[in-house]
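Source file: query01.tsv; contents: TSV, C-alpha atoms and all ligand atoms.
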```tsv
chain	number	residue	atom	x	y	z
A	221	MET	CA	0.00	0.00	0.00
A	222	SER	CA	1.54	3.28	-1.02
A	223	GLY	CA	-0.57	6.05	0.45
A	224	ALA	CA	-1.52	7.02	3.97
A	225	VAL	CA	-4.79	6.15	5.69
A	226	LEU	CA	-6.76	9.05	7.13
A	227	LEU	CA	-8.58	7.84	10.26
A	228	THR	CA	-11.29	9.80	12.07
A	229	GLY	CA	-12.63	8.90	15.52
A	230	ALA	CA	-9.32	7.49	16.84
A	231	THR	CA	-10.12	8.59	20.41
A	232	GLY	CA	-13.29	6.44	20.33
A	233	PHE	CA	-13.77	2.71	20.84
A	234	LEU	CA	-13.80	1.51	17.21
A	235	GLY	CA	-11.30	4.08	15.94
A	236	MET	CA	-8.83	3.27	18.71
A	237	ASP	CA	-8.86	-0.44	17.93
A	238	MET	CA	-8.55	0.35	14.21
A	239	LEU	CA	-5.57	2.61	14.92
A	240	SER	CA	-3.76	-0.21	16.71
A	241	SER	CA	-4.46	-2.61	13.87
A	242	LEU	CA	-3.22	-0.12	11.25
A	243	LEU	CA	-0.05	0.42	13.30
A	244	GLU	CA	0.48	-3.31	13.75
A	245	HIS	CA	0.18	-3.72	9.97
A	246	GLY	CA	2.84	-1.04	9.45
A	247	ARG	CA	0.48	1.39	7.73
A	248	GLN	CA	1.07	5.12	7.47
A	249	VAL	CA	-1.70	6.72	9.49
A	250	ILE	CA	-2.92	10.28	9.79
A	251	VAL	CA	-5.51	10.84	12.50
A	252	LEU	CA	-7.92	13.74	12.48
A	253	MET	CA	-8.74	14.85	16.01
A	254	ARG	CA	-10.64	17.61	17.76
A	255	ALA	CA	-8.06	19.79	19.51
A	256	ALA	CA	-7.26	23.46	19.97
A	257	ASP	CA	-3.78	23.05	18.51
A	258	GLU	CA	-1.20	20.49	17.47
A	259	GLY	CA	0.16	20.22	21.03
A	260	GLU	CA	-3.22	19.25	22.41
A	261	ALA	CA	-3.82	16.85	19.52
A	262	LYS	CA	-0.50	15.09	20.27
A	263	LEU	CA	-1.41	14.82	23.95
A	264	ARG	CA	-4.75	13.28	23.02
A	265	LEU	CA	-2.97	10.81	20.73
A	266	ASP	CA	-0.56	9.87	23.56
A	267	GLY	CA	-3.65	9.25	25.72
A	268	VAL	CA	-5.03	6.85	23.10
A	269	ILE	CA	-1.70	5.02	22.81
A	270	SER	CA	-1.60	4.56	26.60
A	271	ARG	CA	-5.07	2.95	26.51
A	272	LEU	CA	-3.83	0.53	23.87
A	273	TYR	CA	-0.29	-0.29	24.96
A	274	GLU	CA	1.73	-0.66	28.14
A	275	HIS	CA	5.15	0.48	27.00
A	276	ARG	CA	4.85	1.55	23.38
A	277	SER	CA	5.80	5.05	22.42
A	278	LEU	CA	5.35	6.22	18.88
A	279	ARG	CA	8.37	6.61	16.63
A	280	ASP	CA	8.72	10.04	15.05
A	281	GLY	CA	6.16	10.35	12.27
A	282	GLU	CA	4.72	6.85	12.84
A	283	VAL	CA	1.30	8.43	13.28
A	284	ARG	CA	0.66	11.98	12.21
A	285	VAL	CA	-2.07	13.88	13.93
A	286	ILE	CA	-3.94	16.86	12.55
A	287	CYS	CA	-6.57	19.09	14.14
A	288	GLY	CA	-10.02	18.86	12.62
A	289	ASP	CA	-13.69	18.86	13.47
A	290	ILE	CA	-16.27	17.03	11.40
A	291	GLU	CA	-18.94	19.46	12.59
A	292	ALA	CA	-17.10	22.51	11.22
A	293	PRO	CA	-16.94	23.85	7.65
A	294	HIS	CA	-14.13	22.16	5.66
A	295	LEU	CA	-13.59	19.93	8.71
A	296	ARG	CA	-11.75	22.92	10.22
A	297	LEU	CA	-8.61	21.82	8.37
A	298	SER	CA	-5.77	24.26	7.85
A	299	GLU	CA	-4.95	24.87	4.19
A	300	ALA	CA	-1.56	23.20	4.68
A	301	ASP	CA	-3.15	20.08	6.24
A	302	GLU	CA	-5.72	19.86	3.47
A	303	ARG	CA	-2.95	20.06	0.81
A	304	MET	CA	-0.98	17.39	2.68
A	305	LEU	CA	-4.03	15.08	2.81
A	306	ILE	CA	-4.70	15.53	-0.90
A	307	SER	CA	-1.14	14.58	-1.80
A	308	GLU	CA	-0.57	11.77	0.71
A	309	VAL	CA	-3.83	10.00	1.55
A	310	ASP	CA	-5.19	7.19	-0.57
A	311	SER	CA	-7.83	5.83	1.80
A	312	ILE	CA	-10.12	7.08	4.53
A	313	VAL	CA	-11.68	5.25	7.46
A	314	HIS	CA	-14.46	7.37	8.93
A	315	CYS	CA	-15.20	6.19	12.47
A	316	ALA	CA	-16.01	9.58	14.04
A	317	GLY	CA	-19.61	10.10	14.98
A	318	SER	CA	-22.08	10.55	17.78
A	319	ILE	CA	-23.41	7.30	19.25
A	320	SER	CA	-25.62	9.02	21.79
A	321	PHE	CA	-29.08	7.40	21.79
A	322	GLY	CA	-30.44	10.34	23.77
A	323	ALA	CA	-29.27	13.17	21.49
A	324	ASP	CA	-31.81	15.23	19.55
A	325	LEU	CA	-32.07	15.01	15.78
A	326	ALA	CA	-30.35	18.36	15.11
A	327	SER	CA	-27.20	17.47	17.06
A	328	SER	CA	-27.09	13.90	15.73
A	329	ARG	CA	-27.40	15.24	12.18
A	330	ALA	CA	-24.70	17.87	12.75
A	331	ILE	CA	-22.16	15.12	13.47
A	332	ASN	CA	-23.40	12.04	11.68
A	333	VAL	CA	-24.88	13.55	8.51
A	334	GLU	CA	-23.07	16.85	7.97
A	335	GLY	CA	-19.81	15.22	9.11
A	336	VAL	CA	-20.21	12.58	6.41
A	337	ARG	CA	-21.05	15.27	3.83
A	338	ARG	CA	-17.73	16.98	4.65
A	339	VAL	CA	-15.80	13.71	4.52
A	340	ILE	CA	-17.34	13.09	1.08
A	341	ASP	CA	-16.22	16.59	-0.02
A	342	LEU	CA	-12.70	15.91	1.18
A	343	SER	CA	-12.74	12.51	-0.54
A	344	ARG	CA	-13.60	14.19	-3.85
A	345	LYS	CA	-10.69	16.60	-3.46
A	346	ILE	CA	-8.34	13.69	-2.73
A	347	ALA	CA	-9.75	11.71	-5.68
A	348	SER	CA	-9.28	14.62	-8.08
A	349	GLY	CA	-5.82	15.56	-6.77
A	350	GLY	CA	-4.41	12.05	-6.78
A	351	ALA	CA	-5.94	8.67	-6.17
A	352	LEU	CA	-8.49	7.55	-3.64
A	353	ARG	CA	-8.68	3.79	-3.27
A	354	ARG	CA	-11.31	3.63	-0.53
A	355	LEU	CA	-13.73	5.65	1.55
A	356	LEU	CA	-14.70	3.24	4.31
A	357	HIS	CA	-17.58	4.53	6.39
A	358	VAL	CA	-18.60	2.95	9.68
A	359	SER	CA	-22.37	2.94	9.87
A	360	THR	CA	-24.65	0.69	11.91
A	361	ALA	CA	-26.90	-2.27	11.16
A	362	TYR	CA	-29.59	-0.31	13.06
A	363	VAL	CA	-30.19	1.91	10.03
A	364	CYS	CA	-32.91	-0.76	9.76
A	365	GLY	CA	-34.80	1.21	12.44
A	366	ARG	CA	-37.92	-0.57	13.65
A	367	GLN	CA	-38.07	-2.79	10.56
A	368	GLU	CA	-39.09	-6.36	11.41
A	369	GLY	CA	-38.13	-9.59	9.63
A	370	VAL	CA	-34.88	-9.83	7.68
A	371	PHE	CA	-32.77	-6.77	6.82
A	372	CYS	CA	-30.36	-7.36	3.94
A	373	GLU	CA	-27.12	-5.56	3.12
A	374	GLN	CA	-28.54	-3.98	-0.03
A	375	ASP	CA	-31.55	-2.67	1.95
A	376	LEU	CA	-31.64	0.95	3.06
A	377	ASP	CA	-34.83	2.88	2.42
A	378	LEU	CA	-37.71	0.65	3.53
A	379	ARG	CA	-39.76	3.56	4.87
A	380	GLN	CA	-38.73	2.38	8.31
A	381	GLU	CA	-39.31	4.31	11.52
A	382	PHE	CA	-36.44	4.88	13.91
A	383	ARG	CA	-35.95	4.27	17.62
A	384	ASN	CA	-33.92	7.42	18.06
A	385	ALA	CA	-32.14	10.27	16.28
A	386	TYR	CA	-28.92	8.27	16.22
A	387	GLU	CA	-30.43	5.63	13.92
A	388	GLN	CA	-32.10	8.24	11.72
A	389	SER	CA	-28.91	10.28	11.33
A	390	LYS	CA	-26.86	7.19	10.43
A	391	TYR	CA	-29.53	6.28	7.86
A	392	GLU	CA	-29.47	9.78	6.35
A	393	ALA	CA	-25.67	9.60	6.16
A	394	GLU	CA	-25.97	6.38	4.18
A	395	LEU	CA	-28.33	8.10	1.74
A	396	LEU	CA	-25.57	10.66	1.07
A	397	LEU	CA	-23.00	7.91	0.60
A	398	SER	CA	-25.19	5.89	-1.73
A	399	ALA	CA	-25.49	8.99	-3.94
A	400	ALA	CA	-21.68	9.38	-4.07
A	401	SER	CA	-21.29	6.79	-6.81
A	402	ASP	CA	-18.20	8.59	-8.16
A	403	LEU	CA	-16.27	7.52	-5.03
A	404	PRO	CA	-14.96	4.07	-3.95
A	405	VAL	CA	-17.36	3.94	-1.01
A	406	VAL	CA	-17.73	0.92	1.26
A	407	VAL	CA	-20.17	1.02	4.16
A	408	ALA	CA	-19.60	-1.30	7.12
A	409	ARG	CA	-22.65	-1.85	9.32
A	410	PRO	CA	-21.73	-3.42	12.65
A	411	SER	CA	-24.53	-4.35	15.05
A	412	ILE	CA	-23.66	-3.71	18.74
A	413	VAL	CA	-19.90	-3.81	19.21
A	414	VAL	CA	-18.60	-5.38	22.43
A	415	GLY	CA	-15.16	-6.23	23.83
A	416	ASN	CA	-12.44	-8.38	22.33
A	417	SER	CA	-13.41	-12.05	22.04
A	418	GLU	CA	-10.01	-13.26	23.31
A	419	SER	CA	-9.26	-10.80	26.11
A	420	GLY	CA	-12.58	-9.10	26.81
A	421	TRP	CA	-10.88	-5.68	26.38
A	422	THR	CA	-13.10	-2.73	25.66
A	423	SER	CA	-12.78	1.00	26.20
A	424	ALA	CA	-16.56	1.52	26.19
A	425	PHE	CA	-19.07	0.07	28.62
A	426	ASN	CA	-22.30	1.02	26.89
A	427	VAL	CA	-25.31	-0.83	25.40
A	428	ILE	CA	-25.22	-4.45	26.72
A	429	TYR	CA	-22.80	-3.46	29.50
A	430	GLY	CA	-25.34	-1.06	31.05
A	431	PRO	CA	-27.91	-3.74	31.99
A	432	MET	CA	-25.04	-6.18	32.74
A	433	ARG	CA	-23.54	-3.78	35.30
A	434	ALA	CA	-26.89	-3.10	36.99
A	435	PHE	CA	-27.67	-6.84	37.04
A	436	ALA	CA	-24.22	-7.71	38.45
A	437	ARG	CA	-24.82	-5.20	41.26
A	438	GLY	CA	-28.24	-6.63	42.05
A	439	MET	CA	-29.98	-3.47	40.84
A	440	LEU	CA	-31.85	-4.96	37.88
A	441	GLU	CA	-34.17	-7.92	38.23
A	442	GLU	CA	-36.46	-7.34	35.28
A	443	VAL	CA	-36.32	-5.70	31.86
A	444	PRO	CA	-38.95	-5.06	29.21
A	445	ALA	CA	-38.04	-7.64	26.58
A	446	ASN	CA	-39.54	-10.50	24.66
A	447	PRO	CA	-37.45	-13.64	25.42
A	448	GLY	CA	-37.34	-14.38	21.68
A	449	SER	CA	-36.15	-10.94	20.59
A	450	ILE	CA	-32.72	-10.76	18.98
A	451	VAL	CA	-29.71	-9.19	20.72
A	452	ASP	CA	-27.11	-9.08	17.96
A	453	PHE	CA	-23.63	-8.14	19.12
A	454	VAL	CA	-20.15	-8.70	17.72
A	455	PRO	CA	-16.69	-8.46	19.26
A	456	ILE	CA	-14.39	-5.57	18.36
A	457	ASP	CA	-11.68	-7.88	16.99
A	458	TYR	CA	-14.09	-9.22	14.35
A	459	VAL	CA	-15.15	-5.68	13.41
A	460	THR	CA	-11.59	-4.39	13.16
A	461	ALA	CA	-10.38	-7.39	11.14
A	462	ALA	CA	-13.33	-6.90	8.79
A	463	LEU	CA	-12.64	-3.16	8.43
A	464	MET	CA	-8.97	-3.86	7.66
A	465	HIS	CA	-10.02	-6.32	4.97
A	466	LEU	CA	-12.66	-4.03	3.45
A	467	LEU	CA	-10.14	-1.19	3.38
A	468	ASP	CA	-7.88	-3.07	0.98
A	469	ASP	CA	-10.18	-5.48	-0.87
A	470	GLU	CA	-10.37	-3.98	-4.36
A	471	ALA	CA	-13.48	-6.00	-5.14
A	472	ALA	CA	-15.40	-4.57	-2.15
A	473	SER	CA	-18.24	-2.13	-2.75
A	474	GLY	CA	-21.57	-1.27	-1.18
A	475	ASN	CA	-22.73	-2.34	2.28
A	476	TYR	CA	-21.53	-5.11	4.59
A	477	HIS	CA	-23.28	-6.29	7.74
A	478	LEU	CA	-20.76	-7.02	10.52
A	479	VAL	CA	-23.13	-8.94	12.73
A	480	ALA	CA	-23.62	-12.21	14.59
A	481	GLY	CA	-26.56	-12.99	12.26
A	482	ASP	CA	-27.64	-16.62	12.66
A	483	LEU	CA	-25.43	-16.93	15.74
A	484	ALA	CA	-27.00	-14.03	17.64
A	485	PHE	CA	-28.37	-14.65	21.12
A	486	SER	CA	-32.04	-14.15	21.87
A	487	ALA	CA	-32.78	-11.92	24.88
A	488	GLY	CA	-33.70	-15.08	26.83
A	489	GLU	CA	-30.41	-16.78	25.97
A	490	LEU	CA	-28.42	-13.70	26.90
A	491	ALA	CA	-30.26	-13.36	30.23
A	492	SER	CA	-29.58	-17.03	31.13
A	493	ALA	CA	-25.93	-17.00	30.03
A	494	GLN	CA	-25.26	-13.79	31.94
A	495	ALA	CA	-27.02	-15.11	35.05
A	496	GLU	CA	-24.94	-18.28	34.99
A	497	LEU	CA	-21.69	-16.33	34.62
A	498	LEU	CA	-22.60	-13.94	37.42
A	499	GLY	CA	-24.05	-16.62	39.72
A	500	ARG	CA	-27.47	-14.98	40.03
A	501	PRO	CA	-31.02	-15.98	39.09
A	502	PRO	CA	-31.78	-14.75	35.53
A	503	MET	CA	-33.43	-11.38	34.95
A	504	ARG	CA	-37.14	-11.61	34.29
A	505	LEU	CA	-38.08	-10.57	30.75
A	506	LEU	CA	-41.50	-8.95	30.88
A	507	PRO	CA	-43.84	-7.12	28.55
A	508	GLN	CA	-43.27	-3.34	28.70
A	509	GLU	CA	-46.52	-2.66	30.57
A	510	GLU	CA	-45.67	-5.15	33.35
A	511	CYS	CA	-42.14	-3.92	33.92
A	512	ARG	CA	-41.05	-1.41	36.57
A	513	ALA	CA	-39.29	1.74	35.37
A	514	LEU	CA	-35.67	1.02	34.47
A	515	PRO	CA	-32.84	2.63	36.44
A	516	GLU	CA	-31.48	5.87	35.02
A	517	GLY	CA	-28.87	5.27	32.33
A	518	ILE	CA	-30.39	2.00	31.17
A	519	ALA	CA	-33.69	3.22	29.81
A	520	THR	CA	-32.07	4.52	26.57
A	521	TYR	CA	-30.85	0.98	25.81
A	522	ALA	CA	-34.22	-0.66	26.46
A	523	PRO	CA	-35.38	-0.46	22.81
A	524	TYR	CA	-32.39	-2.64	21.90
A	525	LEU	CA	-33.69	-5.42	24.14
A	526	ASP	CA	-36.76	-5.86	22.01
A	527	ILE	CA	-35.53	-6.24	18.43
A	528	ARG	CA	-37.44	-8.31	15.93
A	529	CYS	CA	-35.08	-7.84	13.01
A	530	GLU	CA	-32.52	-10.36	11.83
A	531	PHE	CA	-29.51	-9.14	9.88
A	532	ASP	CA	-28.56	-11.02	6.75
A	533	ASP	CA	-24.77	-10.91	6.27
A	534	ALA	CA	-24.35	-13.03	3.13
A	535	ARG	CA	-22.22	-10.38	1.35
A	536	ALA	CA	-19.94	-9.91	4.36
A	537	ARG	CA	-19.47	-13.65	4.80
A	538	ALA	CA	-18.68	-14.09	1.10
A	539	ALA	CA	-16.05	-11.35	1.30
A	540	LEU	CA	-14.57	-12.17	4.70
A	541	GLU	CA	-14.74	-15.92	5.19
A	542	PRO	CA	-12.17	-16.71	2.45
A	543	ALA	CA	-9.77	-14.46	4.40
A	544	GLY	CA	-10.50	-16.42	7.60
A	545	ILE	CA	-12.50	-13.57	9.17
A	546	THR	CA	-15.63	-14.87	10.89
A	547	ALA	CA	-17.81	-13.67	13.75
A	548	PRO	CA	-17.49	-16.02	16.75
A	549	ALA	CA	-20.60	-17.35	18.51
A	550	PRO	CA	-21.46	-15.08	21.49
A	551	GLY	CA	-21.64	-18.08	23.84
A	552	ASP	CA	-17.96	-18.81	23.12
A	553	TYR	CA	-16.69	-15.48	24.47
A	554	LEU	CA	-19.36	-13.86	26.68
A	555	HIS	CA	-17.48	-15.12	29.77
A	556	ARG	CA	-14.43	-13.06	28.70
A	557	LEU	CA	-16.53	-9.90	28.40
A	558	VAL	CA	-17.99	-10.47	31.87
A	559	GLU	CA	-14.58	-11.23	33.40
A	560	PHE	CA	-13.03	-8.08	31.91
A	561	ALA	CA	-15.97	-5.94	32.99
A	562	LEU	CA	-15.74	-7.25	36.56
A	563	ARG	CA	-11.94	-6.94	36.67
A	564	THR	CA	-12.08	-3.28	35.58
A	565	ARG	CA	-15.23	-2.58	37.62
A	566	PHE	CA	-16.98	-1.69	34.36
A	567	GLY	CA	-14.29	0.74	33.26
A	568	LYS	CA	-13.45	2.35	36.60
A	569	GLN	CA	-10.03	0.77	36.48
A	570	ARG	CA	-8.16	1.08	33.20
A	571	ILE	CA	-6.43	-1.92	31.68
A	572	SER	CA	-4.68	-1.39	28.35
A	573	ARG	CA	-5.53	-3.51	25.34
A	574	GLU	CA	-2.02	-4.98	25.43
A	575	ALA	CA	-2.19	-5.81	29.17
A	576	ALA	CA	-5.59	-7.46	28.67
A	577	PHE	CA	-4.09	-9.66	25.93
A	578	SER	CA	-1.10	-10.60	28.08
A	579	ALA	CA	-3.41	-11.57	30.95
A	580	ALA	CA	-5.61	-13.63	28.60
A	581	LEU	CA	-2.57	-15.40	27.16
A	582	ALA	CA	-1.15	-16.12	30.62
A	583	ALA	CA	-4.51	-17.51	31.78
A	584	ARG	CA	-4.70	-19.74	28.72
A	585	CYS	CA	-1.13	-21.03	29.21
A	586	ALA	CA	-1.84	-21.73	32.89
A	587	SER	CA	-4.95	-23.73	32.03
A	588	GLY	CA	-3.09	-25.59	29.25
A	589	ARG	CA	-5.55	-24.50	26.51
B	601	LIG	N1	-20.01	1.23	19.54
B	601	LIG	C1	-20.88	0.47	18.87
B	601	LIG	O1	-21.46	-0.50	19.42
B	601	LIG	C2	-21.16	0.76	17.42
B	601	LIG	C3	-22.00	-0.13	16.73
B	601	LIG	C4	-22.29	0.10	15.39
B	601	LIG	C5	-21.74	1.19	14.76
B	601	LIG	N2	-20.93	2.05	15.45
B	601	LIG	C6	-20.42	3.22	14.71
B	601	LIG	O2	-19.01	3.26	14.87
B	601	LIG	C7	-18.56	4.60	14.91
B	601	LIG	C8	-17.65	4.76	16.10
B	601	LIG	O3	-18.37	4.43	17.28
B	601	LIG	P1	-17.64	4.36	18.69
B	601	LIG	O4	-18.39	3.39	19.51
B	601	LIG	O5	-16.18	4.19	18.49
B	601	LIG	O6	-17.95	5.81	19.24
B	601	LIG	P2	-17.19	6.66	20.37
B	601	LIG	O7	-16.38	5.76	21.23
B	601	LIG	O8	-18.20	7.54	20.99
B	601	LIG	O9	-16.19	7.55	19.52
B	601	LIG	C9	-16.64	8.59	18.72
B	601	LIG	C10	-15.46	9.23	18.04
B	601	LIG	O10	-15.96	10.29	17.18
B	601	LIG	C11	-15.20	11.46	17.44
B	601	LIG	N3	-15.97	12.67	17.17
B	601	LIG	C12	-17.20	12.99	17.61
B	601	LIG	N4	-17.55	14.21	17.19
B	601	LIG	C13	-16.50	14.66	16.43
B	601	LIG	C14	-16.24	15.86	15.74
B	601	LIG	N5	-17.13	16.84	15.71
B	601	LIG	N6	-15.08	15.98	15.06
B	601	LIG	C15	-14.16	14.98	15.10
B	601	LIG	N7	-14.32	13.82	15.76
B	601	LIG	C16	-15.50	13.67	16.42
B	601	LIG	C17	-14.89	11.38	18.93
B	601	LIG	O11	-13.85	12.27	19.21
B	601	LIG	P3	-13.74	13.10	20.60
B	601	LIG	O12	-12.86	12.27	21.48
B	601	LIG	O13	-13.14	14.39	20.20
B	601	LIG	O14	-15.15	13.24	21.14
B	601	LIG	C18	-14.49	9.91	19.05
B	601	LIG	O15	-13.18	9.71	18.59
B	601	LIG	C19	-19.81	5.49	14.97
B	601	LIG	O16	-19.99	6.10	13.73
B	601	LIG	C20	-20.94	4.52	15.29
B	601	LIG	O17	-22.12	4.91	14.65
B	601	LIG	C21	-20.63	1.86	16.77
```
Would you give me this structure, written as structure tokens?
Ligand SMILES: NC(=O)c1ccc[n+]([C@@H]2O[C@H](COP(=O)([O-])OP(=O)(O)OC[C@H]3O[C@@H](n4cnc5c(N)ncnc54)[C@H](OP(=O)(O)O)[C@@H]3O)[C@@H](O)[C@H]2O)c1
Amino acid sequence: MSGAVLLTGATGFLGMDMLSSLLEHGRQVIVLMRAADEGEAKLRLDGVISRLYEHRSLRDGEVRVICGDIEAPHLRLSEADERMLISEVDSIVHCAGSISFGADLASSRAINVEGVRRVIDLSRKIASGGALRRLLHVSTAYVCGRQEGVFCEQDLDLRQEFRNAYEQSKYEAELLLSAASDLPVVVARPSIVVGNSESGWTSAFNVIYGPMRAFARGMLEEVPANPGSIVDFVPIDYVTAALMHLLDDEAASGNYHLVAGDLAFSAGELASAQAELLGRPPMRLLPQEECRALPEGIATYAPYLDIRCEFDDARARAALEPAGITAPAPGDYLHRLVEFALRTRFGKQRISREAAFSAALAARCASGR
């Protein structure tokens, strides 16, 4: 690969893991970060590196960091940085976005829709000034909204309704991308992304971790969910490996579901597995009208405990399986997520990605597996 990869969202969960994978593959990386000046941007990058590694410091120029803001005109890039991107970048991974389920539509759109519009504009400048091999956008499988049944990778506008402004804004961003047929766009649609399937490592304890934390602390005995509803989640290592592949696969185009699909747990299966791992009686899954109000902080996730949509990932499997990239079954790694969450007290204590791997490896060696 000749050119550099421009990565947005490197301070976030998915972007951070992607950054480490790009580094480990020896790629030239330029990260775009919100910061007042270059000094602050470098400090933020050092903070990300310390969440990933125990003792790694970056070699000079190994990762370049530039100040930018996807909510600002022209991404708030300096003219010099924009010129540098046009001459040096040949692919973009756009992970930056707002994942807040509680945000209003205007603020979700400002980041998730207008941000994508600006990334498309920059992509066109790069494409006309040199060569753009790939614009890889990280969307979500929940652009399906409240659609029921099977949602396929080629599906987008099904006149669906949305659970929140997050879903709607990600859907609207995809409409912009599907109209950018002059660009080498690939859209990755993960479902819910959880920790690493080998080590349990995560930097974010949202979505399934919210109810898990409350349940582990004995503060959640019932949730409004149908036992048969689908809780589709995938580990970050699968998502990152898939993104790395889709970044370079010249044959890739269009949308790819990065999901558990057929392997996904039902809400009932997740409740039982979690109860067994935490040594407690399972949460009761009740109809909405019979359930007590959820504790603060969990209510925004409740709609994701009652999903009746299955994600078809035939295109993703056809592209990824030949490269050995497959989503593991949730039952094979849920225990690692729970162990890591308990060990870090759901993020109160920081453990780097590297330290989590070393601990997982040591545990496996000790048990002879
Ligand atoms: N997490 C999941 O389960 C999941 C599932 C499916 C899809 N996704 C998608 O994956 C992407 C990344 O999600 P995540 O979980 O990694 O989110 P995250 O941890 O909240 O990270 C969001 C990233 O976006 C950056 N950002 C936000 N506003 C920005 C702005 N105005 N300018 C520049 N950067 C900005 C943040 O930077 P700051 O540090 O400056 O705030 C941060 O680096 C999102 O697009 C999301 O829709 C996530």
Item to check | Within-7 Å shell of (-4.9, 17.0, 18.2) in input frame, all atoms listed in the file, as a PyMOL selection string | outcome: chain A and resi 253-255+257-262+264-265+285-287
Write out the residues from the selection above, keeping C-alpha atoms, as a compact mmCIF listing (two decimals), in the frame of the given file.
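result_30.txt written:
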```txt
# COMPACT_ATOMS: atom_id res chain seq x y z
CA MET A 253 -8.74 14.85 16.01
CA ARG A 254 -10.64 17.61 17.76
CA ALA A 255 -8.06 19.79 19.51
CA ASP A 257 -3.78 23.05 18.51
CA GLU A 258 -1.20 20.49 17.47
CA GLY A 259 0.16 20.22 21.03
CA GLU A 260 -3.22 19.25 22.41
CA ALA A 261 -3.82 16.85 19.52
CA LYS A 262 -0.50 15.09 20.27
CA ARG A 264 -4.75 13.28 23.02
CA LEU A 265 -2.97 10.81 20.73
CA VAL A 285 -2.07 13.88 13.93
CA ILE A 286 -3.94 16.86 12.55
CA CYS A 287 -6.57 19.09 14.14
```
Next on the checklist: For ligand LIG 601 (chain B), return the neighbouring residues as a VMD selection string (distance at most 7 Å; all atoms listed in the file).
Outcome noted: chain A and resid 228 to 235 252 to 254 288 to 291 315 to 319 331 358 to 361 390 409 to 414 424
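We find CA of Gln569 (chain A) and CA of Leu239 (chain A) to be spaced 22.1 Å apart.
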Checklist entry - Any idea what the distance is between CA of Lys568 (chain A) and CA of Asp324 (chain A)? => result 28.2 Å
Checklist entry - Got a sec: who's within 9 Å of region 490-501 of chain A, counting only C-alpha atoms, leaving out chain neighbours fewer than 2 positions off, as an NGL selection string? => result :A and (432 or 435-436 or 438 or 441 or 447 or 451 or 485-488 or 503-505 or 550-551 or 554-555 or 558-559)
Take the point (-19.7, 0.7, -3.3) as written in the file and pick out every residue within 6 Å of it, counting only C-alpha atoms; give the list as a compact mmCIF listing (two decimals) with C-alpha atoms, in the frame of the given file.
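Okay, this is what ended up in result34.txt:
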```txt
# COMPACT_ATOMS: atom_id res chain seq x y z
CA PRO A 404 -14.96 4.07 -3.95
CA VAL A 405 -17.36 3.94 -1.01
CA VAL A 406 -17.73 0.92 1.26
CA SER A 473 -18.24 -2.13 -2.75
CA GLY A 474 -21.57 -1.27 -1.18
```
Checklist entry - Can you list, as number ranges by chain, every protein, DNA or RNA residue that comes within 10 Å of Gly281 (chain A) when you count only C-alpha atoms, leaving out same-chain residues fewer than 5 positions away? => result A: 248-250
Checklist entry - Between A:Ala323, A:Ala539, A:Val454, A:Ala580, which has the minimum distance to Leu467 (chain A) (counting all atoms listed in the file)? => result A:Ala539
Item to check | For Leu355 (chain A), the nearest of the candidates A:Asn384, A:Glu394, A:Leu403, A:Ala472, counting all atoms listed in the file | outcome: A:Leu403
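The shortest atom-to-atom distance to Gln380 (chain A), with all atoms listed in the file taken into account, belongs to A:Arg366 out of A:Arg535, A:Arg512, A:Arg366, A:Lys345.
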Please provide the set of residues having any atom within 9 Å of Leu525 (chain A), restricted to all atoms listed in the file, with same-chain residues fewer than 4 positions apart removed, written as an mmCIF file with C-alpha atoms, in the coordinates of the input.
```
data_model
loop_
_atom_site.group_PDB
_atom_site.id
_atom_site.type_symbol
_atom_site.label_atom_id
_atom_site.label_comp_id
_atom_site.auth_asym_id
_atom_site.auth_seq_id
_atom_site.Cartn_x
_atom_site.Cartn_y
_atom_site.Cartn_z
ATOM 1 C CA ILE A 428 -25.220 -4.450 26.720
ATOM 2 C CA VAL A 443 -36.320 -5.700 31.860
ATOM 3 C CA PRO A 444 -38.950 -5.060 29.210
ATOM 4 C CA ALA A 445 -38.040 -7.640 26.580
ATOM 5 C CA ASN A 446 -39.540 -10.500 24.660
ATOM 6 C CA SER A 449 -36.150 -10.940 20.590
ATOM 7 C CA ILE A 450 -32.720 -10.760 18.980
ATOM 8 C CA VAL A 451 -29.710 -9.190 20.720
ATOM 9 C CA ALA A 487 -32.780 -11.920 24.880
ATOM 10 C CA TYR A 521 -30.850 0.980 25.810
#
```
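Note that the spacing between CA of Leu581 (chain A) and CA of Ala462 (chain A) amounts to 22.9 Å.
With all atoms listed in the file taken into account, the protein and nucleic acid residues at most 8 Å from Asn332 (chain A) (excluding it and anything under 2 positions from it in its own chain) are A:Gly317, A:Ser318, A:Ser328, A:Arg329, A:Ala330, A:Glu334, A:Gly335, A:Val336, A:Ser389, A:Lys390, A:Ala393.
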Written file, previous selection with C-alpha atoms, as a compact mmCIF listing (two decimals), keeping the file's coordinate frame:
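Dumped to part-v7.txt:
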```txt
# COMPACT_ATOMS: atom_id res chain seq x y z
CA GLY A 317 -19.61 10.10 14.98
CA SER A 318 -22.08 10.55 17.78
CA SER A 328 -27.09 13.90 15.73
CA ARG A 329 -27.40 15.24 12.18
CA ALA A 330 -24.70 17.87 12.75
CA GLU A 334 -23.07 16.85 7.97
CA GLY A 335 -19.81 15.22 9.11
CA VAL A 336 -20.21 12.58 6.41
CA SER A 389 -28.91 10.28 11.33
CA LYS A 390 -26.86 7.19 10.43
CA ALA A 393 -25.67 9.60 6.16
```
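When all atoms listed in the file are used to measure the gap to Leu483 (chain A), the shortest distance among A:Asp266, A:Asp280, A:Asp532, A:Glu516 belongs to A:Asp532.
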